[in-house]
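What follows is the content of model.txt, which has compact mmCIF, C-alpha atoms:
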```
# COMPACT_ATOMS: atom_id res chain seq x y z
CA MET A 144 135.86 95.91 -37.02
CA LYS A 145 134.79 92.78 -38.89
CA PRO A 146 137.66 90.67 -40.34
CA HIS A 147 136.33 90.82 -43.92
CA LEU A 148 136.88 94.59 -43.81
CA ILE A 149 140.52 94.29 -42.77
CA THR A 150 143.40 93.78 -45.22
CA ILE A 151 146.62 92.22 -43.92
CA LEU A 152 149.89 92.05 -45.85
CA VAL A 153 151.84 88.82 -45.17
CA LEU A 154 155.56 89.14 -45.87
CA ASP A 155 157.88 86.11 -45.80
CA ASP A 156 160.49 84.76 -48.19
CA GLU A 157 159.60 81.12 -47.45
CA ASP A 158 156.76 80.07 -49.77
CA ILE A 159 155.33 77.42 -47.43
CA ILE A 160 155.31 79.69 -44.38
CA ARG A 161 153.77 82.54 -46.34
CA ALA A 162 151.12 80.19 -47.74
CA ILE A 163 150.19 78.91 -44.26
CA GLY A 164 149.83 82.49 -42.99
CA VAL A 165 147.75 83.54 -45.98
CA ARG A 166 145.49 80.47 -45.75
CA THR A 167 144.99 80.86 -41.99
CA LEU A 168 144.11 84.55 -42.20
CA LYS A 169 141.77 84.03 -45.18
CA HIS A 170 140.04 81.20 -43.29
CA ALA A 171 139.52 83.65 -40.40
CA GLY A 172 137.82 86.04 -42.83
CA TYR A 173 140.54 88.60 -43.50
CA ARG A 174 141.44 90.02 -46.90
CA VAL A 175 145.08 89.05 -47.44
CA LEU A 176 147.87 90.26 -49.69
CA ASP A 177 151.23 88.54 -49.73
CA ALA A 178 154.78 89.33 -50.75
CA LYS A 179 158.03 87.39 -50.87
CA GLY A 180 160.34 90.25 -49.90
CA GLY A 181 160.51 93.88 -48.89
CA GLN A 182 160.56 95.34 -52.39
CA GLU A 183 157.61 93.16 -53.43
CA ALA A 184 155.75 94.23 -50.27
CA ILE A 185 156.25 97.89 -51.10
CA LYS A 186 155.06 97.35 -54.68
CA THR A 187 152.03 95.34 -53.50
CA ALA A 188 151.10 98.01 -50.95
CA LYS A 189 151.36 100.79 -53.53
CA GLU A 190 149.22 98.90 -56.04
CA HIS A 191 146.54 97.94 -53.51
CA ILE A 192 143.46 100.14 -53.45
CA GLY A 193 142.30 100.76 -49.91
CA PRO A 194 143.96 100.57 -46.51
CA ILE A 195 146.30 97.81 -45.42
CA ARG A 196 145.59 97.65 -41.73
CA LEU A 197 148.53 95.50 -40.73
CA PRO A 198 151.73 94.02 -42.18
CA LEU A 199 152.58 90.61 -40.72
CA THR A 200 156.24 90.00 -41.45
CA ALA A 201 159.03 87.57 -40.70
CA ILE A 202 161.90 88.96 -38.65
CA VAL A 203 164.45 86.69 -40.30
CA MET A 204 164.55 86.38 -44.06
CA TRP A 205 167.50 85.07 -46.02
CA LYS A 206 167.86 88.09 -48.31
CA GLU A 207 166.70 90.88 -46.00
CA ASN A 208 165.10 91.23 -42.60
CA GLY A 209 161.38 91.72 -42.15
CA SER A 210 161.70 95.15 -40.62
CA ALA A 211 163.21 96.36 -43.89
CA GLY A 212 159.93 95.70 -45.69
CA ALA A 213 157.56 96.52 -42.86
CA GLY A 214 159.51 99.61 -41.87
CA ARG A 215 158.99 101.04 -45.33
CA HIS A 216 155.28 100.30 -45.15
CA GLN A 217 153.66 103.71 -45.19
CA PRO A 218 150.56 104.11 -43.01
CA VAL A 219 147.54 104.48 -45.25
CA SER A 220 144.95 105.20 -42.59
CA PRO A 221 144.87 106.48 -39.01
CA TYR A 222 143.84 102.99 -37.85
CA ASP A 223 147.04 101.21 -38.90
CA ALA A 224 148.40 99.23 -35.97
CA GLY A 225 152.08 99.25 -36.95
CA ALA A 226 153.42 95.78 -37.74
CA ILE A 227 153.47 92.30 -36.27
CA TYR A 228 156.85 90.59 -36.47
CA VAL A 229 157.03 86.80 -36.29
CA SER A 230 159.90 84.38 -36.17
CA LEU A 231 159.07 81.13 -37.92
CA CYS A 232 162.11 79.74 -39.57
CA ARG A 233 163.05 76.29 -40.71
CA ALA A 234 166.54 74.95 -41.17
CA ARG A 235 168.13 75.34 -44.59
CA GLU A 236 169.37 72.14 -46.16
```
Could you write out this structure as structure tokens?
Amino acid sequence: MKPHLITILVLDDEDIIRAIGVRTLKHAGYRVLDAKGGQEAIKTAKEHIGPIRLPLTAIVMWKENGSAGAGRHQPVSPYDAGAIYVSLCRARE
């Protein structure tokens, strides 16, 4: 499947990390949605028309863990691959 036909939902509470993920995936040709937390991810997924093929989510977030948002992601097509969990975290000051 060509990247421009695939929508990925990037979920991270750190703005800079989320922005890097979004920019990288868009540069690779994917359609990208983003959300700052689990509730926002659920709202974004419900409002999006068409399939979200993959949520890409942080494991560690300061207000909730990534599996909370990705785990509530409802498959919208038989081709959904589950979720990719990443751990990119910077020290809090």
Spatial neighbours of A:Arg166, 12 Å, only C-alpha atoms, chain gap at least 4 places, as a PyMOL selection string: chain A and resi 151+153+158-162+170-177
Just write the chosen residues, C-alpha atoms, as a CSV table (one decimal), keeping the file's coordinate frame.
```csv
chain,number,residue,atom,x,y,z
A,151,ILE,CA,146.6,92.2,-43.9
A,153,VAL,CA,151.8,88.8,-45.2
A,158,ASP,CA,156.8,80.1,-49.8
A,159,ILE,CA,155.3,77.4,-47.4
A,160,ILE,CA,155.3,79.7,-44.4
A,161,ARG,CA,153.8,82.5,-46.3
A,162,ALA,CA,151.1,80.2,-47.7
A,170,HIS,CA,140.0,81.2,-43.3
A,171,ALA,CA,139.5,83.6,-40.4
A,172,GLY,CA,137.8,86.0,-42.8
A,173,TYR,CA,140.5,88.6,-43.5
A,174,ARG,CA,141.4,90.0,-46.9
A,175,VAL,CA,145.1,89.0,-47.4
A,176,LEU,CA,147.9,90.3,-49.7
A,177,ASP,CA,151.2,88.5,-49.7
```
Using all atoms listed in the file, determine which residues lie at most 10 Å from A:Leu152, disregarding the query and same-chain residues fewer than 2 positions distant; provide the list as number ranges by chain. A: 150, 154-155, 164-165, 174-178, 184, 187-188, 195-200, 213, 216, 226
Write to file, as a compact mmCIF listing (two decimals), in the frame of the given file, the residues of the selection just made, with C-alpha atoms.
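Saved result, out19.txt, follows:
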```txt
# COMPACT_ATOMS: atom_id res chain seq x y z
CA THR A 150 143.40 93.78 -45.22
CA LEU A 154 155.56 89.14 -45.87
CA ASP A 155 157.88 86.11 -45.80
CA GLY A 164 149.83 82.49 -42.99
CA VAL A 165 147.75 83.54 -45.98
CA ARG A 174 141.44 90.02 -46.90
CA VAL A 175 145.08 89.05 -47.44
CA LEU A 176 147.87 90.26 -49.69
CA ASP A 177 151.23 88.54 -49.73
CA ALA A 178 154.78 89.33 -50.75
CA ALA A 184 155.75 94.23 -50.27
CA THR A 187 152.03 95.34 -53.50
CA ALA A 188 151.10 98.01 -50.95
CA ILE A 195 146.30 97.81 -45.42
CA ARG A 196 145.59 97.65 -41.73
CA LEU A 197 148.53 95.50 -40.73
CA PRO A 198 151.73 94.02 -42.18
CA LEU A 199 152.58 90.61 -40.72
CA THR A 200 156.24 90.00 -41.45
CA ALA A 213 157.56 96.52 -42.86
CA HIS A 216 155.28 100.30 -45.15
CA ALA A 226 153.42 95.78 -37.74
```
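Relative to atom CA of A:Ile202, atom CA of A:Gly181 is found at 11.4 Å.
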Nearest candidate to A:Glu157 (options A:Ile192, A:Ala201, A:Ile185, A:Lys145; using all atoms listed in the file): A:Ala201
Could you please determine the separation between atom CA of A:Val229 and atom CA of A:Ile163 in Å, to one decimal place? 13.1 Å
Can we get stretch 159-199 of chain A of that structure written down with N, CA and C atoms, as a PDB file, in the first residue's frame?
```pdb
ATOM      1  N   ILE A 159       7.139  18.746  21.222  1.00  0.00           N
ATOM      2  CA  ILE A 159       8.286  18.654  20.319  1.00  0.00           C
ATOM      3  C   ILE A 159       8.433  17.242  19.755  1.00  0.00           C
ATOM      4  N   ILE A 160       8.219  16.246  20.588  1.00  0.00           N
ATOM      5  CA  ILE A 160       8.346  14.852  20.134  1.00  0.00           C
ATOM      6  C   ILE A 160       7.234  14.514  19.153  1.00  0.00           C
ATOM      7  N   ARG A 161       6.023  14.961  19.476  1.00  0.00           N
ATOM      8  CA  ARG A 161       4.887  14.737  18.579  1.00  0.00           C
ATOM      9  C   ARG A 161       5.132  15.437  17.238  1.00  0.00           C
ATOM     10  N   ALA A 162       5.647  16.644  17.277  1.00  0.00           N
ATOM     11  CA  ALA A 162       5.902  17.397  16.049  1.00  0.00           C
ATOM     12  C   ALA A 162       6.962  16.715  15.176  1.00  0.00           C
ATOM     13  N   ILE A 163       7.998  16.173  15.796  1.00  0.00           N
ATOM     14  CA  ILE A 163       9.036  15.460  15.035  1.00  0.00           C
ATOM     15  C   ILE A 163       8.432  14.225  14.365  1.00  0.00           C
ATOM     16  N   GLY A 164       7.626  13.479  15.106  1.00  0.00           N
ATOM     17  CA  GLY A 164       6.980  12.295  14.535  1.00  0.00           C
ATOM     18  C   GLY A 164       6.065  12.644  13.383  1.00  0.00           C
ATOM     19  N   VAL A 165       5.258  13.672  13.576  1.00  0.00           N
ATOM     20  CA  VAL A 165       4.327  14.104  12.527  1.00  0.00           C
ATOM     21  C   VAL A 165       5.099  14.550  11.293  1.00  0.00           C
ATOM     22  N   ARG A 166       6.112  15.382  11.476  1.00  0.00           N
ATOM     23  CA  ARG A 166       6.891  15.899  10.350  1.00  0.00           C
ATOM     24  C   ARG A 166       7.590  14.760   9.594  1.00  0.00           C
ATOM     25  N   THR A 167       8.170  13.823  10.323  1.00  0.00           N
ATOM     26  CA  THR A 167       8.879  12.706   9.701  1.00  0.00           C
ATOM     27  C   THR A 167       7.935  11.839   8.879  1.00  0.00           C
ATOM     28  N   LEU A 168       6.794  11.504   9.450  1.00  0.00           N
ATOM     29  CA  LEU A 168       5.834  10.660   8.733  1.00  0.00           C
ATOM     30  C   LEU A 168       5.238  11.380   7.523  1.00  0.00           C
ATOM     31  N   LYS A 169       4.939  12.667   7.657  1.00  0.00           N
ATOM     32  CA  LYS A 169       4.425  13.434   6.509  1.00  0.00           C
ATOM     33  C   LYS A 169       5.471  13.493   5.399  1.00  0.00           C
ATOM     34  N   HIS A 170       6.733  13.697   5.780  1.00  0.00           N
ATOM     35  CA  HIS A 170       7.819  13.744   4.795  1.00  0.00           C
ATOM     36  C   HIS A 170       7.929  12.408   4.046  1.00  0.00           C
ATOM     37  N   ALA A 171       7.618  11.314   4.735  1.00  0.00           N
ATOM     38  CA  ALA A 171       7.645   9.988   4.114  1.00  0.00           C
ATOM     39  C   ALA A 171       6.398   9.725   3.266  1.00  0.00           C
ATOM     40  N   GLY A 172       5.441  10.642   3.296  1.00  0.00           N
ATOM     41  CA  GLY A 172       4.272  10.529   2.432  1.00  0.00           C
ATOM     42  C   GLY A 172       2.994  10.055   3.095  1.00  0.00           C
ATOM     43  N   TYR A 173       3.028   9.838   4.406  1.00  0.00           N
ATOM     44  CA  TYR A 173       1.830   9.373   5.103  1.00  0.00           C
ATOM     45  C   TYR A 173       0.888  10.525   5.417  1.00  0.00           C
ATOM     46  N   ARG A 174      -0.400  10.216   5.528  1.00  0.00           N
ATOM     47  CA  ARG A 174      -1.365  11.161   6.081  1.00  0.00           C
ATOM     48  C   ARG A 174      -1.273  10.995   7.592  1.00  0.00           C
ATOM     49  N   VAL A 175      -1.189  12.103   8.320  1.00  0.00           N
ATOM     50  CA  VAL A 175      -0.926  12.017   9.757  1.00  0.00           C
ATOM     51  C   VAL A 175      -1.929  12.856  10.544  1.00  0.00           C
ATOM     52  N   LEU A 176      -2.463  12.249  11.593  1.00  0.00           N
ATOM     53  CA  LEU A 176      -3.267  12.941  12.596  1.00  0.00           C
ATOM     54  C   LEU A 176      -2.445  12.937  13.864  1.00  0.00           C
ATOM     55  N   ASP A 177      -2.667  13.899  14.740  1.00  0.00           N
ATOM     56  CA  ASP A 177      -1.929  13.876  15.998  1.00  0.00           C
ATOM     57  C   ASP A 177      -2.828  14.254  17.159  1.00  0.00           C
ATOM     58  N   ALA A 178      -2.421  13.780  18.336  1.00  0.00           N
ATOM     59  CA  ALA A 178      -3.177  14.036  19.556  1.00  0.00           C
ATOM     60  C   ALA A 178      -2.206  14.121  20.718  1.00  0.00           C
ATOM     61  N   LYS A 179      -2.578  14.936  21.709  1.00  0.00           N
ATOM     62  CA  LYS A 179      -1.717  15.180  22.861  1.00  0.00           C
ATOM     63  C   LYS A 179      -1.964  14.199  24.005  1.00  0.00           C
ATOM     64  N   GLY A 180      -3.067  13.503  23.992  1.00  0.00           N
ATOM     65  CA  GLY A 180      -3.391  12.559  25.055  1.00  0.00           C
ATOM     66  C   GLY A 180      -4.424  11.558  24.590  1.00  0.00           C
ATOM     67  N   GLY A 181      -4.725  10.604  25.453  1.00  0.00           N
ATOM     68  CA  GLY A 181      -5.649   9.536  25.100  1.00  0.00           C
ATOM     69  C   GLY A 181      -7.040  10.013  24.733  1.00  0.00           C
ATOM     70  N   GLN A 182      -7.595  10.919  25.520  1.00  0.00           N
ATOM     71  CA  GLN A 182      -8.939  11.421  25.227  1.00  0.00           C
ATOM     72  C   GLN A 182      -8.968  12.166  23.898  1.00  0.00           C
ATOM     73  N   GLU A 183      -7.933  12.977  23.644  1.00  0.00           N
ATOM     74  CA  GLU A 183      -7.851  13.697  22.374  1.00  0.00           C
ATOM     75  C   GLU A 183      -7.693  12.720  21.205  1.00  0.00           C
ATOM     76  N   ALA A 184      -6.952  11.643  21.420  1.00  0.00           N
ATOM     77  CA  ALA A 184      -6.767  10.630  20.377  1.00  0.00           C
ATOM     78  C   ALA A 184      -8.094   9.962  20.026  1.00  0.00           C
ATOM     79  N   ILE A 185      -8.868   9.649  21.034  1.00  0.00           N
ATOM     80  CA  ILE A 185     -10.172   9.027  20.807  1.00  0.00           C
ATOM     81  C   ILE A 185     -11.088   9.976  20.040  1.00  0.00           C
ATOM     82  N   LYS A 186     -11.106  11.239  20.443  1.00  0.00           N
ATOM     83  CA  LYS A 186     -11.929  12.245  19.760  1.00  0.00           C
ATOM     84  C   LYS A 186     -11.477  12.412  18.304  1.00  0.00           C
ATOM     85  N   THR A 187     -10.166  12.507  18.091  1.00  0.00           N
ATOM     86  CA  THR A 187      -9.621  12.669  16.739  1.00  0.00           C
ATOM     87  C   THR A 187      -9.988  11.479  15.867  1.00  0.00           C
ATOM     88  N   ALA A 188      -9.852  10.275  16.412  1.00  0.00           N
ATOM     89  CA  ALA A 188     -10.172   9.064  15.652  1.00  0.00           C
ATOM     90  C   ALA A 188     -11.654   9.013  15.280  1.00  0.00           C
ATOM     91  N   LYS A 189     -12.514   9.409  16.205  1.00  0.00           N
ATOM     92  CA  LYS A 189     -13.950   9.395  15.930  1.00  0.00           C
ATOM     93  C   LYS A 189     -14.339  10.421  14.877  1.00  0.00           C
ATOM     94  N   GLU A 190     -13.659  11.567  14.872  1.00  0.00           N
ATOM     95  CA  GLU A 190     -13.984  12.634  13.925  1.00  0.00           C
ATOM     96  C   GLU A 190     -13.380  12.408  12.542  1.00  0.00           C
ATOM     97  N   HIS A 191     -12.355  11.572  12.458  1.00  0.00           N
ATOM     98  CA  HIS A 191     -11.677  11.332  11.188  1.00  0.00           C
ATOM     99  C   HIS A 191     -12.533  10.459  10.283  1.00  0.00           C
ATOM    100  N   ILE A 192     -12.650  10.866   9.035  1.00  0.00           N
ATOM    101  CA  ILE A 192     -13.381  10.077   8.049  1.00  0.00           C
ATOM    102  C   ILE A 192     -12.373   9.186   7.340  1.00  0.00           C
ATOM    103  N   GLY A 193     -12.614   7.904   7.384  1.00  0.00           N
ATOM    104  CA  GLY A 193     -11.708   6.951   6.751  1.00  0.00           C
ATOM    105  C   GLY A 193     -10.920   6.179   7.795  1.00  0.00           C
ATOM    106  N   PRO A 194     -10.207   5.154   7.354  1.00  0.00           N
ATOM    107  CA  PRO A 194      -9.483   4.307   8.301  1.00  0.00           C
ATOM    108  C   PRO A 194      -8.208   4.958   8.828  1.00  0.00           C
ATOM    109  N   ILE A 195      -7.936   4.707  10.086  1.00  0.00           N
ATOM    110  CA  ILE A 195      -6.637   5.024  10.672  1.00  0.00           C
ATOM    111  C   ILE A 195      -5.929   3.683  10.744  1.00  0.00           C
ATOM    112  N   ARG A 196      -4.908   3.524   9.953  1.00  0.00           N
ATOM    113  CA  ARG A 196      -4.256   2.227   9.838  1.00  0.00           C
ATOM    114  C   ARG A 196      -3.411   1.879  11.056  1.00  0.00           C
ATOM    115  N   LEU A 197      -2.873   2.921  11.727  1.00  0.00           N
ATOM    116  CA  LEU A 197      -1.942   2.623  12.803  1.00  0.00           C
ATOM    117  C   LEU A 197      -1.838   3.775  13.788  1.00  0.00           C
ATOM    118  N   PRO A 198      -2.018   3.522  15.088  1.00  0.00           N
ATOM    119  CA  PRO A 198      -1.659   4.530  16.084  1.00  0.00           C
ATOM    120  C   PRO A 198      -0.195   4.329  16.485  1.00  0.00           C
ATOM    121  N   LEU A 199       0.549   5.412  16.517  1.00  0.00           N
ATOM    122  CA  LEU A 199       1.936   5.425  16.978  1.00  0.00           C
ATOM    123  C   LEU A 199       1.933   6.222  18.272  1.00  0.00           C
TER     124      LEU A 199
END
```
